[in-house]
Amino acid sequence: MKELQMNPEVHRGCALLLPEDYWQTMLWSKVIVKVNRLQRRIAKAVKEKRWGKAKALIHLLSKSFYAKLLAVFRVTTNKGGNTPGVDNVVWSHPSEKLEAALSLKTRGYRTKPLRRIYIPKKNGKKRPLSIPTMHDRAMQTLFKMAIEPMAETVADPNSYGFRTRRSCNDAIAQCFLSLCRKMSATWIFEADIKGCFDNIGHDWILKNIPINKTILKKWLKSGYIEKNRLFPTKKGTPQGGTISPLIMNMVLDGLETLIMKKFPRWKRKKVNFIRYADDFVITAIDKETITSEIIPMVTAFLAERGLELSPEKSKITHINDGFDFLSQNVRKYKGKLLIRPTKDAIQSFKNKLKIIIRENRGIPAHALIRILNPVIRGWSNYHKGICSKRIFARLGKFIFSQLRKWAKYQHGNKNRRWIYNRYFLNNHFTDYRMTKKGLQTVRLYRIAYVPIRYHVKVKAQANPFLKEFDKYFVQRTNWRNDLAIECKQITTFMSNNSSKHSWVAPHRAGL
């Protein structure tokens, strides 16, 4: 049994020989180290252009027992871990997870159709979402871990969507660096691909994505079930699949390299490329360069992959008029570049808060605070790296007015001074609850006190799978943790001392 635990590869596929508590006692740190070691070797081989070695290592990782365990762990612990496919199977018990990991084999593998549902979009339309079964998702995650180091090594430098250690804030920071100077480009091409996930050509994917072609074809041609009817899938990748974002990135990789070869730095065209998933912006010094050279090049690149630009969302704008990118508005005011949250993002946040407060009338104040705090903190953390201090202050007043209405509804027979002393005495929405440790104070997160800390963009060539960037990412992680602690301390200090310098009488507060 000791030999079995140390070397599970010997008994791969023999679920009965493994101990019953094998999944619960698994050292996941060891599993992650084993998988990362193979991923590093793949990235190193791709960097050195040893394609045969990289292909052999990808095959080895797809057969690894540790990779199979990690694939099942990720599928069962993410947000969709309790969402079944067409077979209504969900892995909840440890024995089921272990058995699922041992069953991830390419020989005899057959996919099942996708379960089709629709998600409403902001413009009133509905986005189709195809959900694979748990077994298919685990197989996709397994092959994703094998191919991700290669995709990361050959990816475009300024691509930030669905990539490890990259975020929306990095894309916005790159926009600032490309447009902030007086001599920067003044024209922007806002590009959006029409139904990117649903229209990618299968022929191009099968020809260029280095995955087992038989398995890949089964995923692409699995079909979907809607209203008890089976429909074929002739193009596109399922948006609910775990490997679909990676395939989409690999399909679009190469566009930046193509543009930079056409417009090198010494030609003074000031062409820059920033992409997040299927949304990207291209800057240029004049409008003619975009219309006559860049758009035809992008159109031809996408047509080869079965894609096309969306005429509704793709447009050319001047920097003085501004453009919206990733829920943030980028615009120059009298030659100064300012990035702020978009009006739609602010209104959507307000509507979400209104719904939460309206739907939670009658519950204790501390319970409402625990629901609101993650929402307010998440929105403010996303926008705290840009010029949003005034907007935070306005939203603070809006939240105060909504909570004032909530308090009046809760206590319709009480006067405004009682309500003020109960919830707003220290100019801070506060409640108290009894716990085993005594009286606990629960306070609302004050968005108006969130400090602005500008985001430092990740290096364009940084690769988390290469050893030479380990020190850089460790320093970057420590810096971001220290920054988060600093922001939390400032927000807490301002909240605790708000009553000393900003006391507001109840009649002044409108209570």
# chains A, B, ... in the order shown; residues from 1 in each chain; ligands from 1

$ select_by_dssp --residues "stretch 199-234 of chain A" --states "helix (DSSP H, G or I)" --output "list in words"
Asn199, His202, Asp203, Trp204, Ile205, Leu206, Lys207, Asn208, Lys213, Thr214, Ile215, Leu216, Lys217, Lys218, Trp219 and Leu220 of chain A

$ write_last_selection --atoms "N, CA, C and O atoms" --output "PDB file, in the first residue's frame"
ATOM      1  N   ASN A 199     -18.387  31.035 -34.330  1.00  0.00           N
ATOM      2  CA  ASN A 199     -18.121  31.045 -35.772  1.00  0.00           C
ATOM      3  C   ASN A 199     -16.711  30.639 -36.156  1.00  0.00           C
ATOM      4  O   ASN A 199     -16.367  30.708 -37.347  1.00  0.00           O
ATOM      5  N   HIS A 202     -13.844  25.082 -38.029  1.00  0.00           N
ATOM      6  CA  HIS A 202     -13.295  23.829 -37.522  1.00  0.00           C
ATOM      7  C   HIS A 202     -12.067  23.388 -38.303  1.00  0.00           C
ATOM      8  O   HIS A 202     -11.146  22.794 -37.730  1.00  0.00           O
ATOM      9  N   ASP A 203     -12.037  23.649 -39.584  1.00  0.00           N
ATOM     10  CA  ASP A 203     -10.897  23.203 -40.406  1.00  0.00           C
ATOM     11  C   ASP A 203      -9.611  23.851 -39.933  1.00  0.00           C
ATOM     12  O   ASP A 203      -8.559  23.196 -39.849  1.00  0.00           O
ATOM     13  N   TRP A 204      -9.658  25.146 -39.627  1.00  0.00           N
ATOM     14  CA  TRP A 204      -8.446  25.835 -39.180  1.00  0.00           C
ATOM     15  C   TRP A 204      -8.005  25.304 -37.820  1.00  0.00           C
ATOM     16  O   TRP A 204      -6.810  25.123 -37.570  1.00  0.00           O
ATOM     17  N   ILE A 205      -8.954  25.049 -36.919  1.00  0.00           N
ATOM     18  CA  ILE A 205      -8.611  24.539 -35.596  1.00  0.00           C
ATOM     19  C   ILE A 205      -7.947  23.169 -35.699  1.00  0.00           C
ATOM     20  O   ILE A 205      -6.906  22.909 -35.084  1.00  0.00           O
ATOM     21  N   LEU A 206      -8.541  22.270 -36.484  1.00  0.00           N
ATOM     22  CA  LEU A 206      -7.990  20.921 -36.613  1.00  0.00           C
ATOM     23  C   LEU A 206      -6.619  20.927 -37.273  1.00  0.00           C
ATOM     24  O   LEU A 206      -5.789  20.049 -37.012  1.00  0.00           O
ATOM     25  N   LYS A 207      -6.366  21.922 -38.085  1.00  0.00           N
ATOM     26  CA  LYS A 207      -5.090  21.980 -38.799  1.00  0.00           C
ATOM     27  C   LYS A 207      -3.981  22.615 -37.977  1.00  0.00           C
ATOM     28  O   LYS A 207      -2.803  22.248 -38.128  1.00  0.00           O
ATOM     29  N   ASN A 208      -4.311  23.532 -37.067  1.00  0.00           N
ATOM     30  CA  ASN A 208      -3.281  24.340 -36.418  1.00  0.00           C
ATOM     31  C   ASN A 208      -3.172  24.144 -34.910  1.00  0.00           C
ATOM     32  O   ASN A 208      -2.158  24.538 -34.331  1.00  0.00           O
ATOM     33  N   LYS A 213      -5.929  14.982 -32.685  1.00  0.00           N
ATOM     34  CA  LYS A 213      -6.947  15.387 -33.664  1.00  0.00           C
ATOM     35  C   LYS A 213      -8.258  14.617 -33.492  1.00  0.00           C
ATOM     36  O   LYS A 213      -9.346  15.174 -33.695  1.00  0.00           O
ATOM     37  N   THR A 214      -8.158  13.369 -33.101  1.00  0.00           N
ATOM     38  CA  THR A 214      -9.380  12.576 -32.915  1.00  0.00           C
ATOM     39  C   THR A 214     -10.212  13.119 -31.758  1.00  0.00           C
ATOM     40  O   THR A 214     -11.429  13.297 -31.884  1.00  0.00           O
ATOM     41  N   ILE A 215      -9.539  13.400 -30.633  1.00  0.00           N
ATOM     42  CA  ILE A 215     -10.241  13.950 -29.480  1.00  0.00           C
ATOM     43  C   ILE A 215     -10.796  15.339 -29.793  1.00  0.00           C
ATOM     44  O   ILE A 215     -11.949  15.665 -29.464  1.00  0.00           O
ATOM     45  N   LEU A 216      -9.981  16.172 -30.440  1.00  0.00           N
ATOM     46  CA  LEU A 216     -10.402  17.533 -30.751  1.00  0.00           C
ATOM     47  C   LEU A 216     -11.608  17.544 -31.684  1.00  0.00           C
ATOM     48  O   LEU A 216     -12.547  18.330 -31.509  1.00  0.00           O
ATOM     49  N   LYS A 217     -11.612  16.671 -32.652  1.00  0.00           N
ATOM     50  CA  LYS A 217     -12.738  16.602 -33.584  1.00  0.00           C
ATOM     51  C   LYS A 217     -14.010  16.152 -32.877  1.00  0.00           C
ATOM     52  O   LYS A 217     -15.109  16.633 -33.191  1.00  0.00           O
ATOM     53  N   LYS A 218     -13.885  15.255 -31.924  1.00  0.00           N
ATOM     54  CA  LYS A 218     -15.064  14.811 -31.172  1.00  0.00           C
ATOM     55  C   LYS A 218     -15.657  15.962 -30.367  1.00  0.00           C
ATOM     56  O   LYS A 218     -16.885  16.092 -30.266  1.00  0.00           O
ATOM     57  N   TRP A 219     -14.803  16.811 -29.788  1.00  0.00           N
ATOM     58  CA  TRP A 219     -15.309  17.966 -29.044  1.00  0.00           C
ATOM     59  C   TRP A 219     -16.029  18.943 -29.964  1.00  0.00           C
ATOM     60  O   TRP A 219     -17.090  19.464 -29.628  1.00  0.00           O
ATOM     61  N   LEU A 220     -15.443  19.191 -31.121  1.00  0.00           N
ATOM     62  CA  LEU A 220     -16.017  20.191 -32.022  1.00  0.00           C
ATOM     63  C   LEU A 220     -17.305  19.703 -32.678  1.00  0.00           C
ATOM     64  O   LEU A 220     -18.204  20.498 -32.969  1.00  0.00           O
TER      65      LEU A 220
END

$ residues_around --residues "stretch 378-393 of chain A" --least-positions-apart "4" --cutoff "7 Å" --atoms "only C-alpha atoms" --output "ChimeraX atom specification"
/A:338-341,374,397,447-448,452-455

$ closest_residue --among "A:Trp418, A:Phe73, A:Tyr160, A:Phe400" --to "A:Thr141" --atoms "only C-alpha atoms"
A:Phe73

$ residues_around --residues "A:Trp91" --least-positions-apart "6" --cutoff "10 Å" --atoms "only C-alpha atoms" --output "list of chain:residue names"
A:Val72, A:Val75, A:Thr76, A:Gly81, A:Asn82, A:Thr83, A:Pro84, A:Lys97, A:Leu98, A:Glu99, A:Ala100, A:Met134, A:His135

$ write_last_selection --atoms "N, CA and C atoms" --output "JSON list (two decimals), in the first residue's frame"
[["chain", "number", "residue", "atom", "x", "y", "z"],
["A", 72, "VAL", "N", -9.65, 16.88, -12.53],
["A", 72, "VAL", "CA", -10.92, 16.61, -11.85],
["A", 72, "VAL", "C", -11.10, 17.58, -10.67],
["A", 75, "VAL", "N", -12.24, 20.96, -12.07],
["A", 75, "VAL", "CA", -13.60, 20.92, -12.61],
["A", 75, "VAL", "C", -14.63, 20.89, -11.49],
["A", 76, "THR", "N", -14.33, 20.19, -10.41],
["A", 76, "THR", "CA", -15.31, 20.03, -9.33],
["A", 76, "THR", "C", -15.29, 21.17, -8.31],
["A", 81, "GLY", "N", -18.92, 23.73, -10.86],
["A", 81, "GLY", "CA", -18.71, 22.37, -10.40],
["A", 81, "GLY", "C", -19.98, 21.61, -10.08],
["A", 82, "ASN", "N", -21.08, 22.33, -9.82],
["A", 82, "ASN", "CA", -22.35, 21.67, -9.53],
["A", 82, "ASN", "C", -23.33, 21.78, -10.69],
["A", 83, "THR", "N", -22.84, 22.16, -11.87],
["A", 83, "THR", "CA", -23.70, 22.28, -13.05],
["A", 83, "THR", "C", -23.55, 21.03, -13.91],
["A", 84, "PRO", "N", -24.59, 20.23, -14.06],
["A", 84, "PRO", "CA", -24.46, 18.99, -14.84],
["A", 84, "PRO", "C", -24.64, 19.24, -16.33],
["A", 97, "LYS", "N", -14.95, 11.26, -7.55],
["A", 97, "LYS", "CA", -13.90, 12.08, -8.15],
["A", 97, "LYS", "C", -12.67, 11.24, -8.48],
["A", 98, "LEU", "N", -12.30, 10.35, -7.57],
["A", 98, "LEU", "CA", -11.15, 9.49, -7.82],
["A", 98, "LEU", "C", -11.41, 8.55, -8.98],
["A", 99, "GLU", "N", -12.59, 7.98, -9.02],
["A", 99, "GLU", "CA", -12.94, 7.09, -10.13],
["A", 99, "GLU", "C", -12.98, 7.84, -11.45],
["A", 100, "ALA", "N", -13.44, 9.11, -11.42],
["A", 100, "ALA", "CA", -13.46, 9.92, -12.63],
["A", 100, "ALA", "C", -12.05, 10.22, -13.13],
["A", 134, "MET", "N", -19.58, 16.53, -17.16],
["A", 134, "MET", "CA", -18.45, 16.61, -16.25],
["A", 134, "MET", "C", -17.24, 15.87, -16.79],
["A", 135, "HIS", "N", -17.47, 14.71, -17.39],
["A", 135, "HIS", "CA", -16.36, 13.92, -17.93],
["A", 135, "HIS", "C", -15.70, 14.65, -19.10]]

$ atom_distance --atom1 "atom CA of A:Arg331" --atom2 "atom CA of A:Gln174"
14.1 Å

$ select_by_dssp --residues "stretch 356-449 of chain A" --states "strand (DSSP E)" --output "number ranges by chain"
A: 430-435, 438-443

$ residues_around --residues "A:Pro311" --least-positions-apart "3" --cutoff "10 Å" --atoms "only C-alpha atoms" --output "count of residues only"
7
